[in-house]
2 protein chains.
Amino acid sequence: MPLLVVGSVALDSVETPTDRRDNVLGGSAVFFSYAASYFTTVRLVGVVGEDWPDAHTQLLRQRSIDTEGLQVVPGKKTFRWRGKYLPNMNDRETLEVHLNVFGEFQPKLPDSYRACRYLFLANGSPRLQMSVLDQVPVPRLAVADTMDLWIREEREDLMRLLRRIDGLVLNDSEARLLTDEENLVRAGHLVRGMGPKFVVIKKGEHGAMFFSEHETYVLPAYPTEYVVDPTGAGDSFAGGMMGYLAARDDFSPKTLKESMAYGILVASFTVEDFSLNRLQRMERSDIDIRMEEYQRMLSF
Amino acid sequence: MPLLVVGSVALDSVETPTDRRDNVLGGSAVFFSYAASYFTTVRLVGVVGEDWPDAHTQLLRQRSIDTEGLQVVPGKKTFRWRGKYLPNMNDRETLEVHLNVFGEFQPKLPDSYRACRYLFLANGSPRLQMSVLDQVPVPRLAVADTMDLWIREEREDLMRLLRRIDGLVLNDSEARLLTDEENLVRAGHLVRGMGPKFVVIKKGEHGAMFFSEHETYVLPAYPTEYVVDPTGAGDSFAGGMMGYLAARDDFSPKTLKESMAYGILVASFTVEDFSLNRLQRMERSDIDIRMEEYQRMLSF
């Protein structure tokens, strides 16, 4: 089944302790789409300015990502983010954010997108996320991401969103912020109590936890020796996960757990280089080889 | 096979954000022994002062822990530690340490202990750890723990120890300190290069990583909803791990991975109450039930 995603499309500038890249392809919807494209066809909804290199659009199209929903707004600039990773490569400092055209983004779905049954609401305000939900009449599975900014500043809208979605993906510090609970197991269940049928807490280099009414589990990250740039890891995780679910057209507990593992593995490739560089050199068979290693690692 | 452990025997005072206990049974060799006793017979080497309640010794003996090697020194006081956990229940502050009789401890193994083939050198200076190694003529498997104090202040002795042991167990911050390397996968291999055939990095609530020449893997912690007191979790992990290896009298890659899982599960019980309280209410069958859940959690 095709998979619809709405989120940020950005030009990122990234500093790590040993290297840097300026104005490279980034944004939540971009990492998500590219990761998901290894599993299913993707329909991207986003907005960019006239500074957006067409080569980036071509790169996405080459992987069968439908970019009809990517608006290019003349006279405006693309969302830009500049950040710097600390030596632990897990924590980062945001040095600059220019929302630019993304700040006024009012997504309008192409008619061809409205029949999508699998839907991911990547980074964006809860109001923006709900406006997309309103345009998809009968989603089979609607999952959203959120971030500290919306938890702090648009909590009421976020709570409304949570009652309308099937799943929420957020990271550990966001789960703690949202619930005021330090223990992640309790935090996960508290978030589930806010509406979604399942909750995924991403723990960066430590993997991800899953919570539903009947199941609580944690899967570790794939041990990665050379982390070059963690930017986009969380969105790649979500892309791998949702891509697999949409491809299978199933979200039984078994398929959900498999999808978590695929998300973890796609993210383990993303962090091995800047931007989409590593994913561009990756084939579906590389994921499957790593999946075999991962399953072997977890069986005893 | 019986398992020999040398390490601290202590009276702990612990504050958590919601509760506290004063002068309760603790110490690395105590948590280790009690955890290991679910798998094999244990021979404890340690030292206490005349303030040591005999009831504590009886508690250990009830689980077939041989306390012939526990010296009681008249006119001296037992090692005391007082600490306070931060709200995240992972980080802690040491408020007071009184080494007391443990500061001058020169372990002398009872003759009946010298034939032990499985050996764990728990918390203690590398020099103390080596003096125990010297007294065990032919260990089959010698594994040690270490801590930041020895890495900082007795590095040369520690490096000598590392060349004499089969395995080292240490936590993530200690691995980073020892290797000056932030990435735990690289850090694990660097520690292995210092001598031990295998290295285990404990990551607290995030599980543990294993490194040998041919294998690198990570197993997550069992997701624990109610963490009452994390004190002794690392020593319980080591006790479960080594207890299982000694019981099996085997340390093939397969058995080592199983032993890691047992270590993780025993530790998941330890943190559910203060001191040894939860382990005292635990039976071997409880571990096996949790093991079934854990294996189900990791299979897909």
# chains A, B, ... in the order shown; residues from 1 in each chain; ligands from 1

call {"tool": "closest_atom_pairs", "arguments": {"of": "chain B", "to": "chain A", "cutoff": "7 Å", "atoms": "only C-alpha atoms", "output": "JSON lines"}}
result
{"residue": "B:Asn88", "atom": "CA", "partner": "A:Glu182", "partner_atom": "CA", "distance": 5.5}
{"residue": "B:Glu182", "atom": "CA", "partner": "A:Asn88", "partner_atom": "CA", "distance": 5.5}
{"residue": "B:Asn183", "atom": "CA", "partner": "A:Glu225", "partner_atom": "CA", "distance": 6.8}
{"residue": "B:Val185", "atom": "CA", "partner": "A:Glu225", "partner_atom": "CA", "distance": 5.3}
{"residue": "B:Arg186", "atom": "CA", "partner": "A:Glu225", "partner_atom": "CA", "distance": 5.9}
{"residue": "B:His206", "atom": "CA", "partner": "A:His206", "partner_atom": "CA", "distance": 6.1}
{"residue": "B:Tyr217", "atom": "CA", "partner": "A:Met297", "partner_atom": "CA", "distance": 5.9}
{"residue": "B:Val218", "atom": "CA", "partner": "A:Pro220", "partner_atom": "CA", "distance": 6.8}
{"residue": "B:Leu219", "atom": "CA", "partner": "A:Pro220", "partner_atom": "CA", "distance": 6.5}
{"residue": "B:Pro220", "atom": "CA", "partner": "A:Pro220", "partner_atom": "CA", "distance": 5.5}
{"residue": "B:Pro223", "atom": "CA", "partner": "A:Val185", "partner_atom": "CA", "distance": 6.5}
{"residue": "B:Thr224", "atom": "CA", "partner": "A:Val185", "partner_atom": "CA", "distance": 6.7}
{"residue": "B:Glu225", "atom": "CA", "partner": "A:Val185", "partner_atom": "CA", "distance": 5.3}
{"residue": "B:Lys254", "atom": "CA", "partner": "A:Phe300", "partner_atom": "CA", "distance": 6.7}
{"residue": "B:Lys257", "atom": "CA", "partner": "A:Phe300", "partner_atom": "CA", "distance": 6.5}
{"residue": "B:Glu258", "atom": "CA", "partner": "A:Phe300", "partner_atom": "CA", "distance": 6.0}
{"residue": "B:Met297", "atom": "CA", "partner": "A:Tyr217", "partner_atom": "CA", "distance": 5.9}
{"residue": "B:Leu298", "atom": "CA", "partner": "A:Leu298", "partner_atom": "CA", "distance": 6.0}
{"residue": "B:Phe300", "atom": "CA", "partner": "A:Glu258", "partner_atom": "CA", "distance": 6.1}

call {"tool": "residues_around", "arguments": {"residues": "Gln71 in chain B", "least_positions_apart": "2", "cutoff": "8 Å", "atoms": "only C-alpha atoms", "output": "mmCIF file with C-alpha atoms, in the first residue's frame"}}
result
data_model
loop_
_atom_site.group_PDB
_atom_site.id
_atom_site.type_symbol
_atom_site.label_atom_id
_atom_site.label_comp_id
_atom_site.auth_asym_id
_atom_site.auth_seq_id
_atom_site.Cartn_x
_atom_site.Cartn_y
_atom_site.Cartn_z
ATOM 1 C CA VAL B 45 35.952 -13.904 50.269
ATOM 2 C CA GLY B 46 35.546 -10.634 52.122
ATOM 3 C CA VAL B 47 36.055 -8.789 55.358
ATOM 4 C CA VAL B 48 33.793 -7.160 57.930
ATOM 5 C CA GLU B 68 34.418 -19.503 55.529
ATOM 6 C CA GLY B 69 36.338 -16.819 53.591
ATOM 7 C CA VAL B 73 38.021 -8.429 62.370
#

call {"tool": "select_by_dssp", "arguments": {"residues": "range 117-226 of chain A", "states": "strand (DSSP E)", "output": "list in words"}}
result
Tyr118, Leu119, Phe120, Leu121, Leu141, Ala142, Val143, Ala144, Asp145, Gly167, Leu168, Val169, Leu170, Asn171, Phe198, Val199, Val200, Ile201, Lys202, Ala208, Met209, Phe210, Phe211, Thr216, Tyr217, Val218 and Leu219 of chain A

call {"tool": "write_last_selection", "arguments": {"atoms": "C-alpha atoms", "output": "PDB file, in the first residue's frame"}}
result
ATOM      1  CA  TYR A 118      -1.174   4.594   5.673  1.00  0.00           C
ATOM      2  CA  LEU A 119      -0.256   7.970   7.000  1.00  0.00           C
ATOM      3  CA  PHE A 120       2.678   9.400   8.906  1.00  0.00           C
ATOM      4  CA  LEU A 121       2.604  12.873  10.406  1.00  0.00           C
ATOM      5  CA  LEU A 141      -3.207   3.506  10.215  1.00  0.00           C
ATOM      6  CA  ALA A 142      -2.318   7.061  11.218  1.00  0.00           C
ATOM      7  CA  VAL A 143       0.909   7.523  13.172  1.00  0.00           C
ATOM      8  CA  ALA A 144       2.527  10.777  14.280  1.00  0.00           C
ATOM      9  CA  ASP A 145       5.828  12.031  15.607  1.00  0.00           C
ATOM     10  CA  GLY A 167       0.292   5.426  17.054  1.00  0.00           C
ATOM     11  CA  LEU A 168       2.775   7.969  18.391  1.00  0.00           C
ATOM     12  CA  VAL A 169       6.538   7.854  17.911  1.00  0.00           C
ATOM     13  CA  LEU A 170       8.619  10.084  20.169  1.00  0.00           C
ATOM     14  CA  ASN A 171      12.023  10.030  21.801  1.00  0.00           C
ATOM     15  CA  PHE A 198       0.448   2.103  20.479  1.00  0.00           C
ATOM     16  CA  VAL A 199       3.442   4.196  21.463  1.00  0.00           C
ATOM     17  CA  VAL A 200       7.060   3.878  20.371  1.00  0.00           C
ATOM     18  CA  ILE A 201       9.777   5.526  22.452  1.00  0.00           C
ATOM     19  CA  LYS A 202      13.040   5.982  20.552  1.00  0.00           C
ATOM     20  CA  ALA A 208      13.394   1.593  20.931  1.00  0.00           C
ATOM     21  CA  MET A 209      10.512   0.559  23.197  1.00  0.00           C
ATOM     22  CA  PHE A 210       7.017  -0.450  22.166  1.00  0.00           C
ATOM     23  CA  PHE A 211       3.824  -0.129  24.193  1.00  0.00           C
ATOM     24  CA  THR A 216       5.607  -3.882  26.314  1.00  0.00           C
ATOM     25  CA  TYR A 217       8.986  -4.580  24.821  1.00  0.00           C
ATOM     26  CA  VAL A 218      12.338  -3.075  23.996  1.00  0.00           C
ATOM     27  CA  LEU A 219      14.627  -3.813  21.080  1.00  0.00           C
TER      28      LEU A 219
END

call {"tool": "residues_around", "arguments": {"residues": "Asp111 in chain B", "least_positions_apart": "2", "cutoff": "10 Å", "atoms": "only C-alpha atoms", "output": "tab-separated table (two decimals) with N, CA and C atoms, in the first residue's frame"}}
result
chain	number	residue	atom	x	y	z
B	69	GLY	N	35.38	-17.85	54.00
B	69	GLY	CA	36.34	-16.82	53.59
B	69	GLY	C	35.94	-15.41	54.01
B	108	LYS	N	43.09	-13.72	52.24
B	108	LYS	CA	43.82	-14.98	52.32
B	108	LYS	C	42.79	-16.08	52.16
B	109	LEU	N	42.90	-16.81	51.08
B	109	LEU	CA	41.87	-17.80	50.76
B	109	LEU	C	41.99	-19.02	51.67
B	113	TYR	N	39.21	-23.25	49.26
B	113	TYR	CA	38.78	-22.38	48.16
B	113	TYR	C	39.73	-22.44	46.96
B	114	ARG	N	40.97	-22.92	47.21
B	114	ARG	CA	42.01	-22.75	46.18
B	114	ARG	C	41.80	-23.60	44.93
B	115	ALA	N	40.95	-24.60	45.07
B	115	ALA	CA	40.71	-25.47	43.91
B	115	ALA	C	39.62	-24.91	42.99
B	135	GLN	N	46.47	-16.72	44.36
B	135	GLN	CA	46.17	-17.81	45.28
B	135	GLN	C	45.32	-18.92	44.67
B	136	VAL	N	44.92	-18.72	43.41
B	136	VAL	CA	44.12	-19.75	42.74
B	136	VAL	C	44.98	-20.30	41.60

call {"tool": "residues_around", "arguments": {"residues": "Asn100 in chain A", "least_positions_apart": "2", "cutoff": "6 Å", "atoms": "only C-alpha atoms", "output": "PyMOL selection string"}}
result
chain A and resi 77-79+98+102-103

call {"tool": "atom_distance", "arguments": {"atom1": "CA of Val5 in chain A", "atom2": "CA of Asp180 in chain A"}}
result
29.2 Å

call {"tool": "atom_distance", "arguments": {"atom1": "CA of Ala29 in chain A", "atom2": "CA of Val138 in chain A"}}
result
21.4 Å

call {"tool": "atom_distance", "arguments": {"atom1": "CA of Arg160 in chain A", "atom2": "CA of Ser8 in chain A"}}
result
21.2 Å

call {"tool": "closest_residue", "arguments": {"among": "A:Ser37, A:Ser28, A:Thr231, A:Asn23", "to": "Phe274 in chain A", "atoms": "only C-alpha atoms"}}
result
A:Thr231

call {"tool": "residues_around", "arguments": {"residues": "Phe39 in chain A", "least_positions_apart": "6", "cutoff": "6 Å", "atoms": "only C-alpha atoms", "output": "VMD selection string"}}
result
chain A and resid 243 to 244 247

call {"tool": "write_last_selection", "arguments": {"atoms": "C-alpha atoms", "output": "mmCIF file, in the first residue's frame"}}
result
data_model
loop_
_atom_site.group_PDB
_atom_site.id
_atom_site.type_symbol
_atom_site.label_atom_id
_atom_site.label_comp_id
_atom_site.auth_asym_id
_atom_site.auth_seq_id
_atom_site.Cartn_x
_atom_site.Cartn_y
_atom_site.Cartn_z
ATOM 1 C CA GLY A 243 7.224 1.504 5.158
ATOM 2 C CA TYR A 244 7.248 -2.103 6.274
ATOM 3 C CA ALA A 247 4.059 -2.866 2.416
#

call {"tool": "closest_residue", "arguments": {"among": "B:Val14, B:Ala246, B:Leu59, B:Ala36", "to": "Glu96 in chain B", "atoms": "only C-alpha atoms"}}
result
B:Val14

call {"tool": "residues_around", "arguments": {"residues": "Ser131 in chain B", "least_positions_apart": "3", "cutoff": "9 Å", "atoms": "only C-alpha atoms", "output": "list of chain:residue names"}}
result
B:Gln106, B:Pro107, B:Lys108, B:Pro126, B:Arg127, B:Leu128, B:Asp134, B:Gln135

call {"tool": "select_by_dssp", "arguments": {"residues": "range 98-226 of chain B", "states": "helix (DSSP H, G or I)", "output": "ChimeraX atom specification"}}
result
/B:100-104,111-113,126-133,148-153,155-162,172-179,184-193,204-206

call {"tool": "write_last_selection", "arguments": {"atoms": "N, CA and C atoms", "output": "short mmCIF file (atom, residue, chain, number, x, y, z; two decimals), in the first residue's frame"}}
result
data_model
loop_
_atom_site.label_atom_id
_atom_site.label_comp_id
_atom_site.auth_asym_id
_atom_site.auth_seq_id
_atom_site.Cartn_x
_atom_site.Cartn_y
_atom_site.Cartn_z
N ASN B 100 36.84 1.70 56.12
CA ASN B 100 37.04 0.96 57.37
C ASN B 100 37.90 -0.28 57.14
N VAL B 101 37.45 -1.44 57.58
CA VAL B 101 38.28 -2.63 57.54
C VAL B 101 38.60 -3.09 56.11
N PHE B 102 37.77 -2.69 55.15
CA PHE B 102 38.01 -3.08 53.75
C PHE B 102 39.25 -2.36 53.19
N GLY B 103 39.60 -1.21 53.78
CA GLY B 103 40.76 -0.44 53.31
C GLY B 103 42.07 -1.17 53.49
N GLU B 104 42.13 -2.05 54.50
CA GLU B 104 43.40 -2.77 54.76
C GLU B 104 43.27 -4.24 54.42
N ASP B 111 42.08 -22.89 52.45
CA ASP B 111 42.61 -23.93 51.57
C ASP B 111 41.52 -24.55 50.69
N SER B 112 40.33 -24.69 51.28
CA SER B 112 39.24 -25.33 50.54
C SER B 112 38.81 -24.52 49.32
N TYR B 113 39.21 -23.25 49.26
CA TYR B 113 38.78 -22.38 48.16
C TYR B 113 39.73 -22.44 46.96
N PRO B 126 43.05 -3.21 41.88
CA PRO B 126 43.66 -4.23 41.01
C PRO B 126 44.71 -5.04 41.77
N ARG B 127 45.41 -4.40 42.69
CA ARG B 127 46.42 -5.13 43.45
C ARG B 127 45.77 -6.22 44.32
N LEU B 128 44.67 -5.84 44.98
CA LEU B 128 43.93 -6.82 45.78
C LEU B 128 43.41 -7.94 44.87
N GLN B 129 42.90 -7.56 43.72
CA GLN B 129 42.36 -8.57 42.80
C GLN B 129 43.45 -9.54 42.35
N MET B 130 44.65 -8.99 42.07
CA MET B 130 45.74 -9.86 41.63
C MET B 130 46.23 -10.77 42.75
N SER B 131 46.17 -10.28 43.98
CA SER B 131 46.63 -11.12 45.10
C SER B 131 45.72 -12.34 45.25
N VAL B 132 44.45 -12.20 44.83
CA VAL B 132 43.55 -13.36 44.87
C VAL B 132 43.87 -14.30 43.71
N LEU B 133 44.09 -13.72 42.54
CA LEU B 133 44.48 -14.54 41.38
C LEU B 133 45.70 -15.41 41.71
N ASP B 148 35.79 3.42 38.31
CA ASP B 148 36.47 4.66 37.93
C ASP B 148 37.67 4.99 38.82
N LEU B 149 37.52 4.73 40.13
CA LEU B 149 38.62 5.03 41.05
C LEU B 149 39.92 4.36 40.61
N TRP B 150 39.86 3.07 40.28
CA TRP B 150 41.07 2.33 39.91
C TRP B 150 41.56 2.73 38.52
N ILE B 151 40.63 3.06 37.64
CA ILE B 151 41.04 3.49 36.30
C ILE B 151 41.82 4.80 36.42
N ARG B 152 41.35 5.67 37.29
CA ARG B 152 42.01 6.97 37.46
C ARG B 152 43.31 6.85 38.25
N GLU B 153 43.27 6.07 39.33
CA GLU B 153 44.39 6.16 40.28
C GLU B 153 45.35 4.98 40.27
N ARG B 155 46.01 2.88 37.32
CA ARG B 155 45.90 2.41 35.95
C ARG B 155 46.96 1.36 35.62
N GLU B 156 48.18 1.56 36.09
CA GLU B 156 49.24 0.59 35.74
C GLU B 156 48.94 -0.79 36.30
N ASP B 157 48.51 -0.83 37.56
CA ASP B 157 48.14 -2.12 38.15
C ASP B 157 46.96 -2.73 37.40
N LEU B 158 46.02 -1.86 37.04
CA LEU B 158 44.84 -2.35 36.33
C LEU B 158 45.25 -2.97 34.99
N MET B 159 46.19 -2.33 34.28
CA MET B 159 46.64 -2.87 32.99
C MET B 159 47.32 -4.23 33.19
N ARG B 160 48.04 -4.37 34.29
CA ARG B 160 48.64 -5.68 34.59
C ARG B 160 47.56 -6.73 34.83
N LEU B 161 46.55 -6.33 35.59
CA LEU B 161 45.45 -7.26 35.85
C LEU B 161 44.78 -7.70 34.54
N LEU B 162 44.55 -6.73 33.66
CA LEU B 162 43.81 -7.02 32.41
C LEU B 162 44.53 -8.08 31.57
N ASP B 172 29.36 1.55 31.27
CA ASP B 172 29.62 2.37 30.08
C ASP B 172 30.54 3.55 30.37
N SER B 173 30.30 4.26 31.47
CA SER B 173 31.15 5.43 31.74
C SER B 173 32.58 4.99 32.05
N GLU B 174 32.73 3.83 32.70
CA GLU B 174 34.07 3.32 33.00
C GLU B 174 34.80 2.91 31.71
N ALA B 175 34.07 2.32 30.77
CA ALA B 175 34.68 1.92 29.49
C ALA B 175 35.16 3.15 28.74
N ARG B 176 34.35 4.22 28.79
CA ARG B 176 34.75 5.46 28.11
C ARG B 176 35.97 6.07 28.78
N LEU B 177 36.00 6.02 30.11
CA LEU B 177 37.12 6.58 30.86
C LEU B 177 38.40 5.80 30.59
N LEU B 178 38.28 4.49 30.55
CA LEU B 178 39.46 3.63 30.37
C LEU B 178 40.07 3.79 28.98
N THR B 179 39.21 4.04 27.97
CA THR B 179 39.70 4.05 26.58
C THR B 179 39.77 5.43 25.97
N LEU B 184 30.72 3.22 22.25
CA LEU B 184 30.88 2.05 23.11
C LEU B 184 31.34 0.81 22.35
N VAL B 185 30.99 0.71 21.08
CA VAL B 185 31.43 -0.45 20.30
C VAL B 185 32.95 -0.41 20.16
N ARG B 186 33.46 0.76 19.79
CA ARG B 186 34.92 0.88 19.68
C ARG B 186 35.57 0.72 21.05
N ALA B 187 34.95 1.33 22.08
CA ALA B 187 35.52 1.24 23.43
C ALA B 187 35.63 -0.22 23.87
N GLY B 188 34.59 -1.00 23.61
CA GLY B 188 34.61 -2.42 23.99
C GLY B 188 35.77 -3.16 23.35
N HIS B 189 35.97 -2.92 22.07
CA HIS B 189 37.07 -3.61 21.39
C HIS B 189 38.43 -3.12 21.89
N LEU B 190 38.51 -1.83 22.21
CA LEU B 190 39.77 -1.31 22.75
C LEU B 190 40.10 -1.96 24.09
N VAL B 191 39.10 -2.13 24.94
CA VAL B 191 39.35 -2.78 26.23
C VAL B 191 39.82 -4.22 26.00
N ARG B 192 39.19 -4.87 25.05
CA ARG B 192 39.59 -6.25 24.73
C ARG B 192 41.06 -6.29 24.30
N GLY B 193 41.48 -5.27 23.58
CA GLY B 193 42.87 -5.20 23.15
C GLY B 193 43.85 -5.06 24.32
N GLY B 204 23.35 -0.18 32.42
CA GLY B 204 22.25 0.15 33.34
C GLY B 204 20.91 -0.19 32.73
N GLU B 205 19.99 0.78 32.71
CA GLU B 205 18.63 0.53 32.22
C GLU B 205 18.58 0.18 30.73
N HIS B 206 19.75 0.30 30.05
CA HIS B 206 19.76 0.01 28.61
C HIS B 206 20.37 -1.35 28.28
#

call {"tool": "decode", "arguments": {"residues": "range 21-47 of chain B", "atoms": "N, CA and C atoms", "output": "tab-separated table (two decimals), in the first residue's frame"}}
result
chain	number	residue	atom	x	y	z
B	21	ARG	N	16.77	3.80	53.13
B	21	ARG	CA	17.09	2.70	54.04
B	21	ARG	C	18.47	2.98	54.62
B	22	ASP	N	18.67	2.68	55.89
B	22	ASP	CA	19.97	2.91	56.51
B	22	ASP	C	20.61	1.62	56.95
B	23	ASN	N	21.93	1.51	56.71
B	23	ASN	CA	22.72	0.36	57.19
B	23	ASN	C	22.12	-0.98	56.79
B	24	VAL	N	21.79	-1.09	55.52
B	24	VAL	CA	21.27	-2.38	55.04
B	24	VAL	C	22.41	-3.17	54.39
B	25	LEU	N	22.19	-4.46	54.28
B	25	LEU	CA	23.18	-5.37	53.72
B	25	LEU	C	23.51	-4.99	52.27
B	26	GLY	N	24.79	-4.85	51.98
B	26	GLY	CA	25.21	-4.49	50.62
B	26	GLY	C	26.64	-4.91	50.35
B	27	GLY	N	27.21	-4.35	49.31
B	27	GLY	CA	28.58	-4.69	48.93
B	27	GLY	C	28.60	-5.56	47.69
B	28	SER	N	29.65	-5.39	46.88
B	28	SER	CA	29.71	-6.06	45.58
B	28	SER	C	29.71	-7.58	45.72
B	29	ALA	N	30.47	-8.10	46.69
B	29	ALA	CA	30.56	-9.56	46.84
B	29	ALA	C	29.25	-10.14	47.36
B	30	VAL	N	28.51	-9.35	48.11
B	30	VAL	CA	27.23	-9.82	48.66
B	30	VAL	C	26.17	-9.93	47.56
B	31	PHE	N	26.00	-8.85	46.79
B	31	PHE	CA	25.02	-8.91	45.69
B	31	PHE	C	25.42	-10.00	44.69
B	32	PHE	N	26.73	-10.06	44.39
B	32	PHE	CA	27.21	-11.07	43.44
B	32	PHE	C	26.88	-12.48	43.95
B	33	SER	N	27.25	-12.76	45.20
B	33	SER	CA	27.06	-14.10	45.75
B	33	SER	C	25.61	-14.52	45.75
B	34	TYR	N	24.78	-13.60	46.23
B	34	TYR	CA	23.37	-13.94	46.35
B	34	TYR	C	22.76	-14.22	44.98
B	35	ALA	N	23.13	-13.39	43.99
B	35	ALA	CA	22.61	-13.60	42.63
B	35	ALA	C	23.12	-14.92	42.06
B	36	ALA	N	24.40	-15.22	42.27
B	36	ALA	CA	25.00	-16.43	41.71
B	36	ALA	C	24.44	-17.69	42.38
B	37	SER	N	23.99	-17.53	43.62
B	37	SER	CA	23.56	-18.71	44.39
B	37	SER	C	22.32	-19.37	43.79
B	38	TYR	N	21.64	-18.71	42.87
B	38	TYR	CA	20.49	-19.33	42.20
B	38	TYR	C	20.94	-20.34	41.15
B	39	PHE	N	22.27	-20.36	40.88
B	39	PHE	CA	22.78	-21.20	39.81
B	39	PHE	C	23.81	-22.22	40.30
B	40	THR	N	24.61	-21.84	41.30
B	40	THR	CA	25.72	-22.71	41.72
B	40	THR	C	26.09	-22.40	43.17
B	41	THR	N	26.99	-23.20	43.74
B	41	THR	CA	27.47	-22.89	45.09
B	41	THR	C	28.55	-21.81	44.99
B	42	VAL	N	28.56	-20.94	45.99
B	42	VAL	CA	29.44	-19.78	45.94
B	42	VAL	C	30.36	-19.78	47.15
B	43	ARG	N	31.61	-19.40	46.93
B	43	ARG	CA	32.56	-19.24	48.04
B	43	ARG	C	32.95	-17.78	48.12
B	44	LEU	N	32.60	-17.19	49.22
B	44	LEU	CA	32.74	-15.75	49.39
B	44	LEU	C	34.03	-15.40	50.13
B	45	VAL	N	34.78	-14.44	49.59
B	45	VAL	CA	35.95	-13.90	50.27
B	45	VAL	C	35.71	-12.42	50.53
B	46	GLY	N	35.77	-12.03	51.79
B	46	GLY	CA	35.55	-10.63	52.12
B	46	GLY	C	35.93	-10.37	53.56
B	47	VAL	N	35.69	-9.14	54.00
B	47	VAL	CA	36.06	-8.79	55.36
B	47	VAL	C	35.01	-7.85	55.95
